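J.: This is the structure I want to talk about, given as structure tokens.
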Amino acid sequence: MGARHGGALSARYVAGTSPVHRLPPHVKLVAVLAYALVVVATPVHAGWAPWAYAGYLVAVLAVAAVAGVRPGRLARSLVVETPFVVFALLLPFVTRGPRVEVAGLSLSESGLQTGGALLAKATLSVLAATVLAATTEPRALLRGLERLRLPAALVQILGFMIRYVDVVGGELHRMRVARESRAFDGRRRGALRVVGAAAGALFIRSYERGERVHLAMLSRGYTGRLPGGPAVAVPPRDWATGLTLPLAAAAVLATGMLLG
Amino acid sequence: MHVPDGFLDAPTSAATGVLAAGTVALALRKAREELDERTAPLAGLTAAFVFAVQMMNFPVGAGTSGHLMGGALTAVLVGPWTAVLCMTVVLLVQAVLFADGGLTALGTNVTLMGLVAVGVGYGLFRLLVAVLPRNRTGFLTAAGVGAFASVPVAALTFVLLFAAGGVADIPVGTVAATMGGIHVLIGLGEAAITVVVLGAVLAARPDLVHGAAHLRSADALLRRPEAVLPR
């Protein structure tokens with residue numbers, strides 16, 4: 001449970017023509033994954049680690065600036081971290097090992113380091129993933145995942161989910177409007193039964209929609225496979241541009257390891 | 001409860017990644033038995049439903065609200081293998097498009113919320129269905145208990161993973177007790193929501209509930225002859 005997930009899928013993409021927008025989706029996916037790997041690989045207890053995090057932050061913010069992703073959007077994306085911020089804040093109190101006094105509290109030294117590192121790493125990869133989502137259409141991401149050899153059946157399921165998630169979400173929203181216009185109060189006793197019945201109805205509608213979609217596809221000659229166009233070759237220049245972010249991060253990491 | 005990047009070390013992340021990939025590969029094969037060639041559209045729409053329902057806030061008494069994780073509910077509704085696929089797809093979309101749960105931790109998240117939550121929830125449900133009375137109350141009790149247990153067990157699995165491959169040296173007992181305690185409460189909310197939603201679906205379209213096949217076969221045999229008498 002924890003923080004609410006979601007929002008409309010279509011609202012994730014911010015249309016634009018920046019170099020980041022124009023990169024092939026699978027290149028961007030590889031770049032963000034590689035960036036996350038470099039960030040995660042940074043040793044927690046090294047003295048230079050905070051400098052490395054600062055370097056990674058500069059790199060990802062530079063990409064965000066090139067892509068024209070607004071700072072407000074980046075800041076809002078950090079909300080998903082909330083449950084784990086609590087966990088990271090608890091670490092200095094519960095970690096074993098030598099303790100230090102901070103403002104009258106006895107805190108674990110390694111717990112402070114670890115908690116800080118966890119927050120820094122999680123924040124950095126959330127920022128990178130946000131830039132990816134803001135510059136790549138969901139359907140393009142799907143093609144990217146297909147290109148990266150995600151099993152075809154999973155790609156199809158993912159495709160249907162992406163196509164219909166806003167339809168199902170819209171249905172949910174209309175149910176809420178209908179409920180609240182009939183003076184529904186979520187705090188009253190018995191509210192759970194009402195909302196639960198709505199969720200049940202939502203499942204039935206979604207499932208029946210799936211059945212209709214399947215029949216419509218059959219009548220258009222669906223045989224279990226979705227035909228896709230031929231994969232376009234990606235020029236090496238695009239790979240070079242796309243991998244700038246992880247390579248910059250890797251350079252920061254290497255510098256830290258050599259000098260630190 | 002989405003694990004972000006950097007919480008677990010590389011070997012643990014890789015191990016859970018391999019485990020998750022294996023589970024998904026198996027689920028892709030087995031889901032065809034549950035949904036035949038309709039797998040893609042139906043699992044896709046069910047995943048959209050799970051995603052939407054995770055955005056829905058449910059009142060869970062005392063002025064607080066929670067939202068559903070949905071592993072056990074989905075497994076009872078559409079079958080465990082399809083549920084694994086739905087949860088995987090939902091987690092993938094959340095990681096890639098919402099930055100919710102790290103990309104390098106995707107395997108861990110699929111293991112926790114796909115494999116463990118669905119496995120424990122559905123396993124317990126099947127077990128209880130076998131021993132409880134074969135009626136609506138027995139069915140809903142079994143699903144409720146399964147949904148309840150799925151949450152703390154997934155949370156404790158995370159604590160175990162963190163103890164094995166976490167980046168901090170924490171006293172496992174204390175953290176397990178705290179996480180377990182909190183997630184027992186969350187599990188109660190999950191159980192309440194699961195039972196109410198399943199009750200609603202069972203009342204309207206019992207034929208759609210995969211886990212209630214044993215309830216409807218008797219009904220269908222009793223009612224049909226009365227309805228179809230054209231003479």
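We name chains A, B, ... following the order of the structure tokens; residues begin at 1 in each chain, and ligands are numbered from 1 as shown.
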Please return, as a PyMOL selection string, all residues of chain B lying within 6 Å of chain A when only C-alpha atoms are considered.

T.: chain B and resi 4-6+40-42+44-45+47-48+52+55+59+63+67+89+97+99-100+169-170+196-197+200-201

J.: Can you pull out every residue within 10 Å of Leu247 of chain A, counting only C-alpha atoms, but drop anything in the same chain fewer than 2 positions away, and send it as a PDB file with C-alpha atoms, in the first residue's frame?

T.:
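Saved result, selection-v5.pdb, follows:
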```pdb
ATOM      1  CA  ALA A  31      20.664   4.270 -21.278  1.00  0.00           C
ATOM      2  CA  ALA A  34      22.766   1.531 -17.494  1.00  0.00           C
ATOM      3  CA  TYR A  35      22.637   4.833 -15.612  1.00  0.00           C
ATOM      4  CA  VAL A  38      26.167   2.820 -12.372  1.00  0.00           C
ATOM      5  CA  ALA A  59      24.394  14.666 -15.469  1.00  0.00           C
ATOM      6  CA  ALA A 240      26.538   7.397 -28.921  1.00  0.00           C
ATOM      7  CA  GLY A 242      21.872   7.998 -26.029  1.00  0.00           C
ATOM      8  CA  LEU A 243      24.664   6.495 -23.982  1.00  0.00           C
ATOM      9  CA  THR A 244      26.122   9.901 -23.057  1.00  0.00           C
ATOM     10  CA  LEU A 245      24.249   9.853 -19.744  1.00  0.00           C
ATOM     11  CA  ALA A 249      27.984   8.660 -14.828  1.00  0.00           C
ATOM     12  CA  ALA A 250      30.503   5.852 -15.362  1.00  0.00           C
ATOM     13  CA  ALA A 251      33.243   8.440 -15.797  1.00  0.00           C
ATOM     14  CA  VAL A 252      32.273  10.024 -12.466  1.00  0.00           C
ATOM     15  CA  LEU A 253      32.328   6.601 -10.814  1.00  0.00           C
TER      16      LEU A 253
END
```

J.: To one decimal place, how far is atom CA of Ala176 of chain B from atom CA of Trp81 of chain B in Å?

T.: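 Spanning atom CA of Ala176 of chain B to atom CA of Trp81 of chain B is a straight-line distance of 28.9 Å.
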
J.: What lies within 9 Å of Leu106 of chain B using only C-alpha atoms, ignoring chain neighbours under 6 positions off, as number ranges by chain?

T.: B: 2-5, 13, 16-17, 20, 88, 91-92, 95

J.: Would you put the residues from that selection into a file with C-alpha atoms, as a short mmCIF file (atom, residue, chain, number, x, y, z; two decimals), in the first residue's frame?

T.:
```cif
data_model
loop_
_atom_site.label_atom_id
_atom_site.label_comp_id
_atom_site.auth_asym_id
_atom_site.auth_seq_id
_atom_site.Cartn_x
_atom_site.Cartn_y
_atom_site.Cartn_z
CA HIS B 2 7.84 -0.76 -4.45
CA VAL B 3 11.55 -1.39 -3.85
CA PRO B 4 13.58 1.41 -5.46
CA ASP B 5 17.04 1.16 -7.03
CA SER B 13 18.93 -8.12 -7.20
CA THR B 16 15.50 -12.16 -7.64
CA GLY B 17 15.69 -11.02 -11.27
CA ALA B 20 11.20 -13.37 -11.56
CA THR B 88 4.36 -8.11 -13.77
CA LEU B 91 4.95 -3.28 -12.08
CA LEU B 92 6.75 -2.81 -15.39
CA ALA B 95 8.71 1.31 -13.07
#
```

J.: Set the distance at 8 Å and use only C-alpha atoms: which residues neighbour Ala155 of chain B once local chain neighbours fewer than 5 positions away are removed? I'd like the list as JSON, numbers by chain.

T.: {"B": [112, 179, 180, 183]}

J.: Export, as a CSV table (one decimal), in the first residue's frame, the selected residues with N, CA and C atoms.

T.:
```csv
chain,number,residue,atom,x,y,z
B,112,LEU,N,8.4,-10.1,-5.2
B,112,LEU,CA,7.6,-9.9,-4.0
B,112,LEU,C,6.2,-9.8,-4.3
B,179,MET,N,8.1,-4.3,10.6
B,179,MET,CA,7.5,-4.4,9.3
B,179,MET,C,6.3,-5.3,9.3
B,180,GLY,N,6.5,-6.5,10.0
B,180,GLY,CA,5.4,-7.5,10.1
B,180,GLY,C,4.2,-6.8,10.7
B,183,HIS,N,2.4,-4.4,8.5
B,183,HIS,CA,1.8,-5.0,7.3
B,183,HIS,C,0.7,-6.0,7.7
```

J.: Name all residues at most 6 Å from Gly165 of chain B (count only C-alpha atoms; drop same-chain ones fewer than 5 positions away) and give them as a PDB file with C-alpha atoms, in the first residue's frame.

T.:
```pdb
ATOM      1  CA  LEU B   8      19.569  -4.465  -2.355  1.00  0.00           C
ATOM      2  CA  ASP B   9      23.052  -5.414  -3.475  1.00  0.00           C
ATOM      3  CA  THR B  12      20.421 -10.301  -4.457  1.00  0.00           C
TER       4      THR B  12
END
```

J.: Would you work out the distance separating atom CA of Val172 of chain B from atom CA of Val184 of chain B, expressed in Å to one decimal?

T.: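 For atom CA of Val172 of chain B relative to atom CA of Val184 of chain B, the distance reads 17.4 Å.
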
J.: Hey, which of A:Ala11, A:Val20, A:Ala49, A:Ala216 ends up closest to Ala62 of chain A? Count only C-alpha atoms.

T.: A:Val20

J.: Expressed in Å to a single decimal, how great is the separation between atom CA of Ala233 of chain A and atom CA of Val69 of chain A?

T.: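 Going from atom CA of Ala233 of chain A over to atom CA of Val69 of chain A, I get 27.7 Å.
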